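Reviewing the structure listed below.
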Amino acid sequence: MRKSSFIFVIGVTAAALLAAQDIQRRAAVGRGGPEGIGRCVVEVIVDGSAQVQIRGDSATLHNLVGAPAQFRQFECSRPIPADAREFQFRAIEGRGRQELVTAPRGGGPAVVTIEDPEGGPGAYRFELTWNEGGYRGRPDEGRRDEGYRGEDRRPAGEYRDQYQEERERFFQGEAWRRSFFQRVREDVEHLEHSTIPFTGDRARLARTVMELNELQGKLAEGRYDERQLDDVMAALGSVVQNNRLSERDRDILNDDMRRMREFRERHDEWGARRPR
């Protein structure tokens, strides 16, 4: 065999092994979460096709075809139980096909297959929810009762006070500027979780998360795109203006808007500069 042919075979074999390599990820477990309701949010980058297998709080990303897939986010309110009841899958973002192949049964994993039909990598984001018995109703039902929230059996005021207290701790000192947009994302996703699916309110929140994905991706690459920041602010402004929100939730989003305006005016001081 010629040397060039040998090198070619080695290169092809190495590429195939890289594409087939599984990636393991442990979930970032959230702040307790609502009693009786479980939720996981997964975001991956796929260029071809891939499969996500989740058992408990551990996930395996298996690349099937194309460039190696990557994890971008894996967060759960709690580990997925071995026999999750009323298990549901919801595709949030992605240009191709996402499908729940297997629900967790008898200790087996939840399996989601993703097929990306276009050239280049695409971001895919999906949500898994289940009922653990503490809530009478669908896991995806958004409740806005003034007395008790459907996804939490504590009084609504107590739940929101605890969330607000933690948020206020986040903004103490100066370190928060390094992860400010992740905080905005958490505020939006906190509302998204308790908003009825397939409604304009939910769609506006999902659009805000999508715009945040674009902005955070560019900032992670050292690129400050002021137009993208404007898109995030416009999307979040639409939520504030049009969504049905409690006074406290509206105050939180207005505070995020105020801080984004400050970031826009002083982004150089915050370490975000336009590329030359």
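Here, A, B, ... name the chains of the structure tokens in the order displayed, residue numbers run from 1 inside each chain, and ligands are numbered from 1 in the same displayed order.
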Next on the checklist: Can you pull out the residues contacting Gln70 (chain A)? Cut-off 12 Å, using only C-alpha atoms, and skip same-chain residues under 4 positions away; I want them as a PyMOL selection string.
Outcome noted: chain A and resi 19+21-25+42-52+59-63+66+74+121-124
With the cut-off set at 12 Å and counting only C-alpha atoms, tabulate each residue of region 179-216 of chain A with an atom at most that distance from an atom of region 94-115 of chain A, showing the nearest atom pair and its distance in Å to one decimal, ordered by chain and increasing number, as JSON lines.
```
{"residue": "A:Ala206", "atom": "CA", "partner": "A:Gly94", "partner_atom": "CA", "distance": 11.8}
{"residue": "A:Met210", "atom": "CA", "partner": "A:Gly94", "partner_atom": "CA", "distance": 9.9}
{"residue": "A:Asn213", "atom": "CA", "partner": "A:Gly94", "partner_atom": "CA", "distance": 11.9}
```
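Look at Trp130 (chain A): the protein and nucleic acid residues within 8 Å of it, using only C-alpha atoms and passing over chain neighbours fewer than 4 places away, are Ile37, Gly38, Arg39, Ala84, Arg85, Glu86, Phe87, Gln88 and Pro139 of chain A.
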Which polymer residues have any atom within 8 Å of an atom of region 177-183 of chain A, counting only C-alpha atoms, with same-chain residues fewer than 2 positions away left out, as a PDB file with C-alpha atoms, in the first residue's frame?
```pdb
ATOM      1  CA  GLU A 174     -19.727  43.413  40.697  1.00  0.00           C
ATOM      2  CA  ALA A 175     -19.144  39.795  39.608  1.00  0.00           C
ATOM      3  CA  ARG A 185     -32.070  33.685  30.422  1.00  0.00           C
ATOM      4  CA  GLU A 186     -32.914  32.178  33.815  1.00  0.00           C
ATOM      5  CA  ASP A 187     -35.536  34.856  34.436  1.00  0.00           C
ATOM      6  CA  LEU A 212     -30.365  35.320  23.783  1.00  0.00           C
ATOM      7  CA  GLN A 216     -24.498  34.739  24.101  1.00  0.00           C
ATOM      8  CA  TRP A 270     -18.057  45.493  30.846  1.00  0.00           C
TER       9      TRP A 270
END
```
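Excluding Ala235 (chain A) and any residue on its chain fewer than 5 positions from it, the residues at most 8 Å away by only C-alpha atoms are A:Arg204, A:Leu205, A:Arg207, A:Thr208, A:Glu211.
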Once DSSP has gone over the backbone, tell me which residues of region 30-224 of chain A are in helix (DSSP H, G or I), as a tab-separated table (two decimals) with N, CA and C atoms, in the first residue's frame.
```
chain	number	residue	atom	x	y	z
A	156	ALA	N	-48.17	31.22	46.28
A	156	ALA	CA	-47.46	31.87	45.17
A	156	ALA	C	-46.50	32.94	45.68
A	157	GLY	N	-46.91	33.73	46.65
A	157	GLY	CA	-46.05	34.78	47.16
A	157	GLY	C	-44.77	34.25	47.76
A	158	GLU	N	-44.87	33.12	48.49
A	158	GLU	CA	-43.68	32.53	49.10
A	158	GLU	C	-42.71	32.05	48.03
A	159	TYR	N	-43.25	31.38	47.00
A	159	TYR	CA	-42.41	30.86	45.92
A	159	TYR	C	-41.66	32.01	45.24
A	160	ARG	N	-42.37	33.06	44.91
A	160	ARG	CA	-41.77	34.16	44.19
A	160	ARG	C	-40.82	34.95	45.07
A	161	ASP	N	-41.10	35.05	46.39
A	161	ASP	CA	-40.19	35.74	47.29
A	161	ASP	C	-38.84	35.03	47.32
A	162	GLN	N	-38.85	33.71	47.39
A	162	GLN	CA	-37.61	32.96	47.43
A	162	GLN	C	-36.82	33.16	46.13
A	163	TYR	N	-37.51	33.13	45.02
A	163	TYR	CA	-36.84	33.35	43.74
A	163	TYR	C	-36.24	34.75	43.68
A	164	GLN	N	-37.00	35.73	44.12
A	164	GLN	CA	-36.52	37.10	44.08
A	164	GLN	C	-35.35	37.31	45.02
A	165	GLU	N	-35.39	36.66	46.18
A	165	GLU	CA	-34.28	36.80	47.12
A	165	GLU	C	-32.99	36.24	46.52
A	166	GLU	N	-33.09	35.11	45.86
A	166	GLU	CA	-31.90	34.54	45.24
A	166	GLU	C	-31.39	35.44	44.11
A	167	ARG	N	-32.33	36.00	43.37
A	167	ARG	CA	-31.94	36.91	42.29
A	167	ARG	C	-31.24	38.15	42.84
A	168	GLU	N	-31.73	38.68	43.94
A	168	GLU	CA	-31.10	39.85	44.55
A	168	GLU	C	-29.69	39.52	45.04
A	169	ARG	N	-29.48	38.30	45.54
A	169	ARG	CA	-28.14	37.89	45.95
A	169	ARG	C	-27.20	37.83	44.75
A	170	PHE	N	-27.73	37.40	43.60
A	170	PHE	CA	-26.91	37.32	42.39
A	170	PHE	C	-26.34	38.68	42.02
A	175	ALA	N	-19.44	41.00	40.40
A	175	ALA	CA	-19.14	39.79	39.61
A	175	ALA	C	-20.28	39.41	38.66
A	176	TRP	N	-21.50	39.87	38.92
A	176	TRP	CA	-22.65	39.47	38.12
A	176	TRP	C	-22.52	39.89	36.67
A	177	ARG	N	-21.72	40.93	36.38
A	177	ARG	CA	-21.61	41.41	35.00
A	177	ARG	C	-21.04	40.34	34.06
A	178	ARG	N	-20.24	39.41	34.62
A	178	ARG	CA	-19.63	38.38	33.77
A	178	ARG	C	-20.65	37.37	33.27
A	179	SER	N	-21.76	37.22	33.99
A	179	SER	CA	-22.77	36.23	33.57
A	179	SER	C	-24.17	36.83	33.56
A	180	PHE	N	-24.24	38.12	33.25
A	180	PHE	CA	-25.52	38.82	33.30
A	180	PHE	C	-26.55	38.21	32.37
A	181	PHE	N	-26.16	37.91	31.11
A	181	PHE	CA	-27.15	37.43	30.15
A	181	PHE	C	-27.62	36.01	30.48
A	182	GLN	N	-26.81	35.25	31.20
A	182	GLN	CA	-27.29	33.96	31.69
A	182	GLN	C	-28.37	34.18	32.74
A	183	ARG	N	-28.24	35.24	33.53
A	183	ARG	CA	-29.27	35.57	34.52
A	183	ARG	C	-30.57	35.97	33.84
A	184	VAL	N	-30.46	36.76	32.76
A	184	VAL	CA	-31.65	37.13	31.99
A	184	VAL	C	-32.32	35.87	31.46
A	185	ARG	N	-31.52	34.95	30.93
A	185	ARG	CA	-32.07	33.68	30.42
A	185	ARG	C	-32.83	32.94	31.52
A	186	GLU	N	-32.25	32.88	32.71
A	186	GLU	CA	-32.91	32.18	33.81
A	186	GLU	C	-34.24	32.84	34.17
A	187	ASP	N	-34.28	34.16	34.15
A	187	ASP	CA	-35.54	34.86	34.44
A	187	ASP	C	-36.60	34.53	33.40
A	188	VAL	N	-36.20	34.49	32.12
A	188	VAL	CA	-37.15	34.19	31.05
A	188	VAL	C	-37.60	32.73	31.13
A	189	GLU	N	-36.65	31.81	31.35
A	189	GLU	CA	-37.02	30.39	31.43
A	189	GLU	C	-37.86	30.10	32.66
A	190	HIS	N	-37.64	30.85	33.73
A	190	HIS	CA	-38.46	30.70	34.93
A	190	HIS	C	-39.93	30.99	34.60
A	191	LEU	N	-40.17	32.01	33.79
A	191	LEU	CA	-41.53	32.33	33.36
A	191	LEU	C	-42.03	31.34	32.33
A	192	GLU	N	-41.15	30.92	31.43
A	192	GLU	CA	-41.55	29.99	30.37
A	192	GLU	C	-42.08	28.69	30.96
A	193	HIS	N	-41.46	28.24	32.05
A	193	HIS	CA	-41.87	26.99	32.68
A	193	HIS	C	-43.29	27.04	33.20
A	200	GLY	N	-49.48	32.66	22.60
A	200	GLY	CA	-48.65	33.79	22.24
A	200	GLY	C	-47.66	34.14	23.35
A	201	ASP	N	-48.10	34.01	24.61
A	201	ASP	CA	-47.21	34.30	25.73
A	201	ASP	C	-45.98	33.40	25.69
A	202	ARG	N	-46.20	32.11	25.47
A	202	ARG	CA	-45.09	31.15	25.44
A	202	ARG	C	-44.20	31.40	24.22
A	203	ALA	N	-44.80	31.73	23.08
A	203	ALA	CA	-44.03	31.98	21.86
A	203	ALA	C	-43.12	33.19	22.02
A	204	ARG	N	-43.61	34.24	22.67
A	204	ARG	CA	-42.77	35.42	22.88
A	204	ARG	C	-41.59	35.12	23.80
A	205	LEU	N	-41.82	34.29	24.82
A	205	LEU	CA	-40.72	33.89	25.70
A	205	LEU	C	-39.70	33.04	24.95
A	206	ALA	N	-40.19	32.10	24.12
A	206	ALA	CA	-39.28	31.26	23.34
A	206	ALA	C	-38.46	32.09	22.36
A	207	ARG	N	-39.08	33.12	21.78
A	207	ARG	CA	-38.34	33.99	20.86
A	207	ARG	C	-37.23	34.74	21.60
A	208	THR	N	-37.51	35.16	22.83
A	208	THR	CA	-36.49	35.86	23.62
A	208	THR	C	-35.31	34.94	23.90
A	209	VAL	N	-35.59	33.68	24.24
A	209	VAL	CA	-34.52	32.72	24.49
A	209	VAL	C	-33.69	32.51	23.22
A	210	MET	N	-34.35	32.42	22.08
A	210	MET	CA	-33.64	32.24	20.81
A	210	MET	C	-32.70	33.41	20.54
A	211	GLU	N	-33.18	34.64	20.77
A	211	GLU	CA	-32.33	35.81	20.55
A	211	GLU	C	-31.17	35.83	21.55
A	212	LEU	N	-31.43	35.41	22.79
A	212	LEU	CA	-30.36	35.32	23.78
A	212	LEU	C	-29.31	34.31	23.36
A	213	ASN	N	-29.73	33.19	22.76
A	213	ASN	CA	-28.78	32.19	22.26
A	213	ASN	C	-27.80	32.83	21.28
A	214	GLU	N	-28.34	33.63	20.35
A	214	GLU	CA	-27.50	34.28	19.34
A	214	GLU	C	-26.52	35.24	20.01
A	215	LEU	N	-27.02	36.04	20.93
A	215	LEU	CA	-26.18	37.04	21.58
A	215	LEU	C	-25.09	36.38	22.42
A	216	GLN	N	-25.47	35.39	23.24
A	216	GLN	CA	-24.50	34.74	24.10
A	216	GLN	C	-23.45	34.00	23.29
A	217	GLY	N	-23.86	33.40	22.17
A	217	GLY	CA	-22.90	32.72	21.31
A	217	GLY	C	-21.86	33.68	20.76
A	218	LYS	N	-22.30	34.85	20.33
A	218	LYS	CA	-21.36	35.83	19.78
A	218	LYS	C	-20.45	36.39	20.88
A	219	LEU	N	-21.01	36.67	22.06
A	219	LEU	CA	-20.19	37.18	23.15
A	219	LEU	C	-19.15	36.15	23.58
A	220	ALA	N	-19.52	34.87	23.55
A	220	ALA	CA	-18.57	33.81	23.91
A	220	ALA	C	-17.41	33.75	22.93
```
Item to check | DSSP strand (DSSP E or B) residues within region 146-234 of chain A, listed as a ChimeraX atom specification | outcome: /A:148-149,152-155
Item to check | Distance query Val29 (chain A) at most 6 Å, only C-alpha atoms, self and fewer than 3 positions along chain excluded, as a PyMOL selection string | outcome: chain A and resi 75-78
